[in-house]
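Shown next: start01.txt, containing compact mmCIF, C-alpha atoms.
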# COMPACT_ATOMS: atom_id res chain seq x y z
CA PRO Q 785 -64.18 36.12 93.01
CA PRO Q 786 -61.79 34.03 90.97
CA PRO Q 787 -60.21 36.12 88.20
CA PRO Q 788 -60.91 35.32 84.55
CA PRO Q 789 -58.98 32.42 82.98
CA ALA Q 790 -55.23 32.98 82.66
CA PRO Q 791 -55.14 36.51 84.07
CA THR Q 792 -52.15 38.62 83.11
CA VAL Q 793 -50.84 41.82 84.58
CA ALA Q 794 -50.97 44.82 82.26
CA PRO Q 795 -47.43 45.79 81.12
CA PRO Q 796 -46.05 49.05 82.49
CA ALA Q 797 -45.78 52.11 80.29
CA GLY Q 798 -42.44 52.64 78.58
CA PRO Q 799 -40.78 53.23 75.21
CA GLY Q 800 -43.16 52.04 72.52
CA ARG Q 801 -45.91 51.57 75.12
CA PRO Q 802 -47.65 54.90 75.70
CA ALA Q 803 -49.67 55.07 78.89
CA SER Q 804 -52.33 57.27 77.34
CA GLY Q 805 -55.86 55.93 77.21
CA GLN Q 806 -59.27 56.24 78.71
CA LEU Q 807 -60.51 54.35 81.73
CA GLY Q 808 -63.97 52.88 81.95
CA VAL Q 809 -65.56 50.00 83.80
CA ARG Q 810 -69.04 48.59 84.18
CA VAL Q 811 -70.48 46.02 86.58
CA THR Q 812 -73.81 44.23 86.36
CA THR Q 813 -75.26 41.84 88.91
CA GLU Q 814 -77.90 39.18 89.14
CA ASP Q 815 -80.23 38.98 92.12
CA VAL Q 816 -80.04 36.40 94.89
CA TRP Q 817 -83.10 34.18 94.42
CA LEU Q 818 -84.23 31.78 97.12
CA GLY Q 819 -86.51 28.83 96.39
CA ALA Q 820 -89.12 27.10 98.50
CA ASP Q 821 -86.40 24.86 100.00
CA TYR Q 822 -85.17 27.88 101.94
CA TRP Q 823 -87.97 27.37 104.50
CA ASN Q 824 -86.70 23.90 105.39
CA ALA Q 825 -83.04 24.75 105.99
CA ARG Q 826 -81.07 26.37 108.78
CA SER Q 827 -79.13 28.25 106.11
CA THR Q 828 -78.88 28.23 102.34
CA VAL Q 829 -75.74 28.64 100.24
CA THR Q 830 -76.39 30.27 96.89
CA ARG Q 831 -74.51 32.34 94.32
CA LEU Q 832 -74.40 35.98 93.33
CA ARG Q 833 -73.29 36.29 89.70
CA VAL Q 834 -71.29 39.39 88.74
CA THR Q 835 -70.24 40.53 85.26
CA VAL Q 836 -67.47 43.11 84.75
CA THR Q 837 -66.61 44.88 81.48
CA ASN Q 838 -63.61 47.06 80.65
CA THR Q 839 -65.36 49.84 78.71
CA GLY Q 840 -62.17 51.89 78.38
CA SER Q 841 -59.45 51.97 75.77
CA ALA Q 842 -56.55 50.96 78.01
CA PRO Q 843 -55.59 47.72 79.78
CA GLU Q 844 -56.91 48.08 83.32
CA LEU Q 845 -56.32 46.68 86.78
CA ILE Q 846 -59.73 46.00 88.29
CA ARG Q 847 -60.62 45.53 91.94
CA LEU Q 848 -63.98 44.21 93.09
CA GLY Q 849 -65.84 44.50 96.36
CA TYR Q 850 -69.34 43.75 97.58
CA THR Q 851 -71.57 44.59 100.51
CA LEU Q 852 -73.98 42.00 101.92
CA PRO Q 853 -77.08 42.89 103.97
CA ALA Q 854 -78.04 41.50 107.37
CA GLY Q 855 -78.50 37.75 107.41
CA LEU Q 856 -76.07 37.16 104.54
CA THR Q 857 -72.39 36.26 104.79
CA ASP Q 858 -69.71 35.16 102.36
CA ALA Q 859 -69.56 31.38 102.08
CA GLY Q 860 -65.89 31.15 101.14
CA THR Q 861 -65.42 32.97 97.85
CA PRO Q 862 -61.80 32.40 96.71
CA GLY Q 863 -59.68 35.55 96.66
CA CYS Q 864 -62.06 37.63 98.80
CA ALA Q 865 -61.84 38.62 102.46
CA SER Q 866 -64.00 40.48 104.94
CA ALA Q 867 -63.36 44.20 105.39
CA GLY Q 868 -65.88 44.53 108.23
CA GLY Q 869 -69.43 45.78 108.33
CA GLY Q 870 -70.69 43.24 105.81
CA THR Q 871 -68.19 44.48 103.20
CA TYR Q 872 -65.77 42.21 101.34
CA ARG Q 873 -62.76 43.04 99.16
CA CYS Q 874 -61.29 40.86 96.43
CA GLY Q 875 -57.94 40.72 94.65
CA GLU Q 876 -56.82 42.70 91.63
CA TRP Q 877 -56.68 41.37 88.10
CA SER Q 878 -56.10 42.76 84.62
CA ALA Q 879 -58.54 43.21 81.76
CA ALA Q 880 -57.84 44.23 78.20
CA PRO Q 881 -59.95 46.93 76.51
CA GLY Q 882 -63.39 45.52 75.77
CA ALA Q 883 -62.80 42.43 77.91
CA ARG Q 884 -65.91 41.06 79.60
CA PHE Q 885 -65.98 38.28 82.15
CA SER Q 886 -68.25 36.88 84.83
CA SER Q 887 -67.57 35.56 88.28
CA THR Q 888 -69.61 34.25 91.19
CA VAL Q 889 -69.74 35.11 94.86
CA ARG Q 890 -70.71 32.31 97.23
CA VAL Q 891 -73.29 33.63 99.69
CA ARG Q 892 -74.77 32.01 102.78
CA VAL Q 893 -78.31 33.13 103.68
CA SER Q 894 -79.34 32.58 107.28
CA GLY Q 895 -82.57 30.75 108.00
CA LYS Q 896 -83.64 33.84 109.95
CA ALA Q 897 -82.76 36.38 107.26
CA TRP Q 898 -86.39 36.54 106.09
CA ARG Q 899 -87.27 38.36 109.30
CA TRP Q 900 -85.27 41.39 108.09
CA MET Q 901 -86.62 41.59 104.56
CA PRO Q 902 -86.51 43.58 102.35
CA LEU Q 903 -82.80 42.96 101.84
CA SER Q 904 -80.52 44.48 99.20
CA GLY Q 905 -76.76 44.57 98.67
CA SER Q 906 -74.34 46.12 96.21
CA VAL Q 907 -71.23 45.33 94.15
CA GLN Q 908 -68.48 47.87 93.50
CA VAL Q 909 -65.63 47.86 90.98
CA THR Q 910 -62.68 50.24 90.56
CA ALA Q 911 -60.36 50.39 87.56
CA THR Q 912 -56.87 51.90 87.31
CA ALA Q 913 -54.05 51.58 84.79
CA PRO Q 914 -50.28 51.80 85.21
CA GLY Q 915 -49.07 55.19 84.06
CA VAL Q 916 -52.60 56.61 83.71
CA SER Q 917 -53.78 59.08 86.32
CA GLY Q 918 -57.25 58.91 87.77
CA SER Q 919 -59.57 55.94 88.07
CA ALA Q 920 -62.98 54.74 86.96
CA ALA Q 921 -65.60 53.19 89.23
CA ASP Q 922 -69.05 51.68 89.03
CA ASP Q 923 -71.50 50.02 91.38
CA GLU Q 924 -74.82 48.21 91.09
CA GLY Q 925 -77.29 46.91 93.61
CA PHE Q 926 -78.85 43.48 93.85
CA ALA Q 927 -82.00 42.25 95.55
CA VAL Q 928 -82.37 39.27 97.87
CA LEU Q 929 -85.69 37.72 96.92
CA PHE Q 930 -87.56 35.41 99.28
CA PRO Q 931 -90.51 33.23 98.22
CA PRO Q 932 -93.86 33.55 100.03
CA GLY Q 933 -93.66 32.08 103.51
CA PRO Q 934 -93.15 30.74 105.99
CA PRO Q 935 -95.67 28.34 104.44
CA VAL Q 936 -99.06 28.50 106.14
CA PRO Q 937 -102.23 26.72 104.99
CA GLY Q 938 -105.23 28.83 104.12
CA ILE Q 939 -103.40 31.87 102.73
CA SER Q 940 -101.55 32.85 99.55
CA LEU Q 941 -99.57 35.96 98.68
CA ARG Q 942 -98.17 37.46 95.50
CA ALA Q 943 -96.36 40.74 94.75
CA ASP Q 944 -95.32 41.81 91.25
CA GLU Q 945 -92.07 43.46 90.26
CA VAL Q 946 -92.03 47.27 90.40
CA VAL Q 947 -90.54 48.99 87.36
CA PHE Q 948 -89.66 52.68 87.02
CA ASP Q 949 -89.38 53.67 83.37
CA ILE Q 950 -86.80 56.04 81.86
CA SER Q 951 -88.92 59.09 82.76
CA GLY Q 952 -88.47 58.29 86.43
CA GLY Q 953 -92.19 58.83 87.00
CA PRO Q 954 -94.38 56.98 89.52
CA SER Q 955 -94.92 53.24 89.46
CA ALA Q 956 -97.00 50.95 91.69
CA VAL Q 957 -96.76 47.96 93.99
CA ALA Q 958 -99.37 45.36 93.02
CA VAL Q 959 -100.23 42.76 95.68
CA GLN Q 960 -102.72 39.90 95.76
CA LEU Q 961 -103.81 38.33 99.06
CA GLY Q 962 -105.67 35.04 98.68
CA ASN Q 963 -107.92 33.27 101.16
CA THR Q 964 -107.48 29.58 100.36
CA GLY Q 965 -109.27 28.49 103.55
CA ARG Q 966 -112.93 27.67 104.14
CA VAL Q 967 -113.84 30.64 106.30
CA ASP Q 968 -114.14 34.33 105.41
CA ALA Q 969 -111.40 36.47 106.92
CA ALA Q 970 -110.49 40.14 107.38
CA GLY Q 971 -107.51 40.94 105.18
CA ARG Q 972 -104.58 43.23 105.78
CA ILE Q 973 -101.51 43.95 103.67
CA GLU Q 974 -98.35 45.74 104.79
CA VAL Q 975 -95.89 47.10 102.23
CA ILE Q 976 -92.28 47.74 103.30
CA LEU Q 977 -90.18 49.84 100.92
CA PRO Q 978 -86.42 50.50 100.78
CA ASP Q 979 -84.93 53.92 101.47
CA GLY Q 980 -85.70 56.39 98.70
CA VAL Q 981 -88.93 54.68 97.62
CA THR Q 982 -92.13 56.07 99.15
CA PRO Q 983 -95.89 55.95 98.52
CA GLN Q 984 -97.12 58.69 96.19
CA THR Q 985 -100.69 58.58 97.48
CA LEU Q 986 -102.41 56.34 100.01
CA PRO Q 987 -105.46 54.40 98.78
CA VAL Q 988 -108.56 54.24 100.93
CA GLY Q 989 -107.92 52.01 103.93
CA CYS Q 990 -104.15 52.60 103.96
CA THR Q 991 -102.14 54.42 106.61
CA ALA Q 992 -98.43 55.10 107.03
CA VAL Q 993 -97.17 53.39 110.18
CA ALA Q 994 -93.51 54.30 109.48
CA PRO Q 995 -91.60 56.24 106.80
CA THR Q 996 -91.02 53.02 104.84
CA ARG Q 997 -94.04 50.98 106.01
CA THR Q 998 -97.66 51.25 104.86
CA ARG Q 999 -100.55 49.23 106.31
CA CYS Q 1000 -103.70 48.65 104.27
CA ASP Q 1001 -106.97 47.03 105.36
CA VAL Q 1002 -108.53 45.33 102.34
CA GLY Q 1003 -111.80 44.33 103.99
CA THR Q 1004 -113.32 40.87 104.23
CA VAL Q 1005 -111.78 38.29 101.91
CA PRO Q 1006 -114.32 35.52 101.27
CA ALA Q 1007 -113.16 31.92 101.33
CA GLY Q 1008 -111.67 30.98 97.97
CA ARG Q 1009 -111.37 34.61 96.84
CA THR Q 1010 -108.50 37.08 96.43
CA ALA Q 1011 -108.14 40.72 97.46
CA SER Q 1012 -105.94 43.08 95.42
CA LEU Q 1013 -104.00 46.19 96.39
CA ARG Q 1014 -102.30 48.73 94.16
CA LEU Q 1015 -100.07 51.21 95.98
CA PRO Q 1016 -98.62 54.07 93.82
CA VAL Q 1017 -94.97 54.74 94.67
CA VAL Q 1018 -92.25 57.18 93.67
CA ALA Q 1019 -88.47 56.89 93.95
CA THR Q 1020 -85.67 59.41 94.27
CA PRO Q 1021 -83.09 59.59 91.44
CA GLU Q 1022 -80.50 58.17 93.83
CA ALA Q 1023 -82.67 55.16 94.67
CA GLN Q 1024 -83.38 54.52 91.00
CA ARG Q 1025 -79.69 54.71 90.13
CA HIS Q 1026 -78.89 52.03 92.71
CA ALA Q 1027 -81.62 49.65 91.50
CA PRO Q 1028 -82.34 46.79 91.50
CA LEU Q 1029 -83.64 47.02 95.05
CA ALA Q 1030 -85.99 44.91 97.11
CA GLY Q 1031 -89.27 45.61 98.87
CA ALA Q 1032 -91.42 43.32 101.01
CA VAL Q 1033 -95.09 42.64 101.63
CA ILE Q 1034 -96.80 40.98 104.58
CA GLY Q 1035 -100.22 39.42 104.14
CA ARG Q 1036 -102.51 38.69 107.07
CA LEU Q 1037 -105.90 37.00 107.31
CA ASP Q 1038 -107.96 37.12 110.49
CA PRO Q 1039 -110.85 34.63 110.12
CA ARG Q 1040 -114.11 34.90 112.01
CA SER Q 1041 -113.21 31.63 113.68
CA GLY Q 1042 -109.81 30.01 113.85
CA ARG Q 1043 -106.24 31.24 114.09
CA THR Q 1044 -104.79 34.24 112.30
CA ARG Q 1045 -102.75 33.35 109.23
CA GLN Q 1046 -99.78 35.37 107.96
CA MET Q 1047 -96.98 35.13 105.41
CA GLN Q 1048 -94.58 37.49 103.68
CA MET Q 1049 -92.38 37.73 100.61
CA SER Q 1050 -90.04 40.16 98.88
CA PHE Q 1051 -90.36 41.75 95.45
CA ARG Q 1052 -87.94 43.31 93.00
CA ILE Q 1053 -87.67 47.03 92.19
CA THR Q 1054 -85.94 48.00 88.94
CA ALA Q 1055 -85.38 51.33 87.19
CA ALA Q 1056 -84.33 52.29 83.68
CA ALA Q 1057 -82.53 55.25 85.22
CA ALA Q 1058 -79.90 52.83 86.52
CA MET Q 1059 -78.67 52.64 82.92
CA ALA Q 1060 -78.76 56.40 82.30
CA THR Q 1061 -76.51 59.29 83.31
CA PRO Q 1062 -77.50 60.49 86.80
CA ILE Q 1063 -79.08 63.94 86.88
CA GLY Q 1064 -76.72 66.63 88.10
CA THR Q 1065 -73.59 64.58 87.48
CA PRO Q 1066 -71.10 66.58 85.35
CA ALA Q 1067 -69.55 63.46 83.81
CA PRO Q 1068 -70.88 59.95 83.27
CA THR Q 1069 -69.90 57.22 85.69
CA GLY Q 1070 -68.42 53.89 84.73
CA SER Q 1071 -71.97 52.62 84.24
CA GLN Q 1072 -72.43 54.91 81.27
CA GLY Q 1073 -69.32 54.04 79.28
CA VAL Q 1074 -65.84 55.47 78.85
CA LEU Q 1075 -64.31 57.97 81.27
CA ALA Q 1076 -61.56 60.47 80.55
CA ALA Q 1077 -58.33 59.12 82.02
CA ALA Q 1078 -57.69 62.08 84.31
CA GLY Q 1079 -61.21 63.43 84.43
CA GLN Q 1080 -60.30 66.03 81.82
CA ALA Q 1081 -62.11 66.95 78.60
CA ARG Q 1082 -58.95 67.29 76.47
CA ALA Q 1083 -56.04 65.03 75.69
CA ASP Q 1084 -52.69 65.57 77.33
CA ASP Q 1085 -51.36 67.52 74.31
CA GLY Q 1086 -54.28 69.98 74.38
CA ARG Q 1087 -56.13 68.40 71.45
CA LEU Q 1088 -59.79 67.45 71.69
CA SER Q 1089 -60.38 64.02 73.19
CA SER Q 1090 -61.87 61.24 71.10
CA VAL Q 1091 -65.17 61.63 72.95
CA GLN Q 1092 -65.37 65.32 72.04
CA GLN Q 1093 -64.31 64.62 68.46
CA THR Q 1094 -67.06 62.03 68.13
CA ALA Q 1095 -69.63 64.43 69.59
CA ILE Q 1096 -68.61 67.22 67.19
CA THR Q 1097 -68.76 64.83 64.24
CA LEU Q 1098 -72.26 63.70 65.20
CA ILE Q 1099 -73.42 67.30 65.55
CA ALA Q 1100 -71.99 68.20 62.13
CA VAL Q 1101 -73.61 65.19 60.48
CA SER Q 1102 -76.94 66.03 62.11
CA GLY Q 1103 -76.70 69.59 60.79
CA LEU Q 1104 -75.98 68.38 57.26
CA LEU Q 1105 -78.96 66.03 57.41
CA VAL Q 1106 -81.24 68.89 58.45
CA VAL Q 1107 -79.99 71.09 55.59
CA LEU Q 1108 -80.44 68.23 53.11
CA ALA Q 1109 -83.99 67.58 54.33
CA LEU Q 1110 -84.89 71.28 53.96
CA ALA Q 1111 -83.41 71.38 50.44
CA LEU Q 1112 -85.40 68.32 49.36
CA ALA Q 1113 -88.59 69.73 50.84
CA THR Q 1114 -88.08 73.07 49.03
CA THR Q 1115 -87.39 71.35 45.70
CA SER Q 1116 -90.48 69.16 46.05
CA LEU Q 1117 -92.65 72.17 46.92
CA ARG Q 1118 -91.44 74.13 43.88
CA ARG Q 1119 -92.09 71.16 41.57
CA ARG Q 1120 -95.65 70.83 42.84
CA MET Q 1121 -96.29 74.57 42.41
CA THR Q 1122 -94.98 74.43 38.83
CA GLU Q 1123 -97.13 71.45 37.91
CA SER Q 1124 -100.29 72.94 39.40
CA ALA Q 1125 -99.86 76.46 37.82
CA PRO Q 1126 -102.28 77.25 34.84
CA GLU Q 1127 -100.70 77.24 31.35
CA ALA Q 1128 -99.86 80.70 29.93
CA ASN Q 1129 -102.00 82.12 27.01
CA THR Q 1130 -99.81 81.90 23.87
CA THR Q 1131 -102.46 83.07 21.29
CA PRO Q 1132 -100.90 85.96 19.26
CA ALA Q 1133 -102.61 89.31 19.56
CA GLY Q 1134 -104.39 90.72 16.60

In structure tokens, write the structure found in this file.
Amino acid sequence: PPPPPAPTVAPPAGPGRPASGQLGVRVTTEDVWLGADYWNARSTVTRLRVTVTNTGSAPELIRLGYTLPAGLTDAGTPGCASAGGGTYRCGEWSAAPGARFSSTVRVRVSGKAWRWMPLSGSVQVTATAPGVSGSAADDEGFAVLFPPGPPVPGISLRADEVVFDISGGPSAVAVQLGNTGRVDAAGRIEVILPDGVTPQTLPVGCTAVAPTRTRCDVGTVPAGRTASLRLPVVATPEAQRHAPLAGAVIGRLDPRSGRTRQMQMSFRITAAAAMATPIGTPAPTGSQGVLAAAGQARADDGRLSSVQQTAITLIAVSGLLVVLALALATTSLRRRMTESAPEANTTPAG
């Protein structure tokens, strides 16, 4: 995408310009949303918005790339070129510490892309700095979200967003299949999930027809009524880290008389774990903040790095707060015991 306004190349290290520093980079994306007009066009050109932040302490050279799913192609984003396999690479630009900027990728969505839903892509960024060894990287997924369709009279479909909280525990796909016709119809819902997201348990009437596809018979849906489905799902840590992702649902009504009606749509899958440090990773990625320049825990001169110094300071402050709380509690307890003790007998003997 076009670089930020008036980009400048970071100056090389030299006398008076130490090359020491920490590298860090973060990328966030918005989803590709398609409106109802999509169903009337051979193809639709839309935008994927990307925001990049230099979370390090050194001026960085940042490179951006993105991977588009089937049915999507680049629509002429300046400065970017195809690298094959649906992957695109863009030019390099500089960013000062703390700099944050946004750019857009022009995307063309084929009129047949809905047949392959659910569709998801990803954006990758890599940061380096002249004179600083190592690099920092980050990536984030994005969902391609289609509205219900192709439009068919007599049927409606809705699927809510799936959210995995910070615990990473199960969530659920909630779907509503509506019969807007005049005749009762047998209802069926199919749920298609991305890799890494699977049903936890299958409700009554549901069967697994493929590893990522579940088919559920919801019984007769009377005219003017709606049938609901709630499918519990779980996701692997890897899938949650790459969220947002996309899933898809297909709704089908088979009336007692008349033609079968069917439509489908995609839904968004998000996870709080995408903002947390991945389990089993020895060091945080660019998504989680600042990285050590060479992947080391200490500075080049053997001293503790600023990250370690901050951690030690926080631990010491926490310890002092605990000691202070205990001291206050002990003082308060002694005061109460003194006030509640009976007065001593001071009458002289005799």

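Rounded to one decimal, atom CA of Q:Glu814 and atom CA of Q:Thr888 lie 9.9 Å from each other.
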
Extract, using only C-alpha atoms, all DNA, RNA and protein residues at most 7 Å from Q:Gly925, discarding same-chain residues fewer than 6 positions from it, and format them as a PDB file with C-alpha atoms, keeping the file's coordinate frame.
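Listing of part_20.pdb after writing:
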ATOM      1  CA  SER Q 904     -80.520  44.480  99.200  1.00  0.00           C
ATOM      2  CA  GLY Q 905     -76.760  44.570  98.670  1.00  0.00           C
ATOM      3  CA  SER Q 906     -74.340  46.120  96.210  1.00  0.00           C
ATOM      4  CA  VAL Q 907     -71.230  45.330  94.150  1.00  0.00           C
ATOM      5  CA  HIS Q1026     -78.890  52.030  92.710  1.00  0.00           C
ATOM      6  CA  ALA Q1027     -81.620  49.650  91.500  1.00  0.00           C
ATOM      7  CA  PRO Q1028     -82.340  46.790  91.500  1.00  0.00           C
ATOM      8  CA  LEU Q1029     -83.640  47.020  95.050  1.00  0.00           C
TER       9      LEU Q1029
END

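Across Q:Ile973, Q:Val936, Q:Val809, Q:Ala897, the tightest approach to Q:Pro843 is made by Q:Val809 when counting all atoms listed in the file.
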
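The gap separating atom CA of Q:Ala1011 from atom CA of Q:Pro983 is 19.6 Å, in Å to one decimal.
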
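A straight line drawn from atom CA of Q:Gly819 to atom CA of Q:Arg1025 is 27.5 Å long.
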
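Proximity to Q:Arg1045 at 9 Å, evaluated using all atoms listed in the file and with sequence-adjacent residues fewer than 5 positions away removed, yields Val936, Pro937, Gly938, Ile939, Gly1035, Arg1036, Leu1037, Asp1038 and Pro1039 of chain Q.
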
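Minimum atom-to-atom distances from Q:Ala927, Q:Val829, Q:Leu903, Q:Val1033 to Q:Leu941 were compared using all atoms listed in the file, and the lowest value belongs to Q:Val1033.
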
Nearest residue to Q:Gly952 from the set Q:Ala859, Q:Ala1055, Q:Cys1000, Q:Val891 (distances using all atoms listed in the file): Q:Ala1055

Exercise: Q:Val836 partners within 8 Å, all atoms listed in the file, chain neighbours under 3 positions left out, as number ranges by chain: Q: 809-812, 884-886

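You can rank Q:Val889, Q:Cys990, Q:Ala1030, Q:Ala1057 by their closest distance to Q:Asp944 using all atoms listed in the file, and at the top of that list sits Q:Ala1030.
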
Residue contacts of Q:Ala842 (7 Å, all atoms listed in the file) excluding same-chain residues fewer than 3 positions away, as an MDAnalysis selection string: chainID Q and resid 805:807 880:881

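Across Q:Arg892, Q:Arg972, Q:Arg847, Q:Arg833, the tightest approach to Q:Glu876 is made by Q:Arg847 when counting all atoms listed in the file.
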
What are the centre and the three edge lengths of an axis-aligned box that wraps all atoms of stretch 845-859 of chain Q in the file, given that 6 Å is added to every side, written as lines of an AutoDock Vina configuration file and rounded to one decimal in Å?
center_x = -67.4
center_y = 39.0
center_z = 97.1
size_x = 34.2
size_y = 27.3
size_z = 32.6

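Among the candidate residues Q:Asp968, Q:Asp815, Q:Glu844, Q:Asp922, the one lying nearest to Q:Arg1040 is Q:Asp968, with distances computed using all atoms listed in the file.
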
Ref. answer, residues at most 6 Å from (-111.4, 41.4, 107.3) with only C-alpha atoms, as JSON, numbers by chain: {"Q": [969, 970, 971, 1003, 1004]}

Closest atom pairs, stretch 921-970 of chain Q residues within 12 Å of stretch 898-902 of chain Q, only C-alpha atoms, as CSV:
residue,atom,partner,partner_atom,distance
Q:Phe926,CA,Q:Pro902,CA,11.4
Q:Ala927,CA,Q:Pro902,CA,8.3
Q:Val928,CA,Q:Pro902,CA,7.5
Q:Leu929,CA,Q:Pro902,CA,8.0
Q:Phe930,CA,Q:Trp898,CA,7.0
Q:Pro931,CA,Q:Trp898,CA,9.5
Q:Pro932,CA,Q:Trp898,CA,10.1
Q:Gly933,CA,Q:Trp898,CA,8.9
Q:Pro934,CA,Q:Trp898,CA,8.9
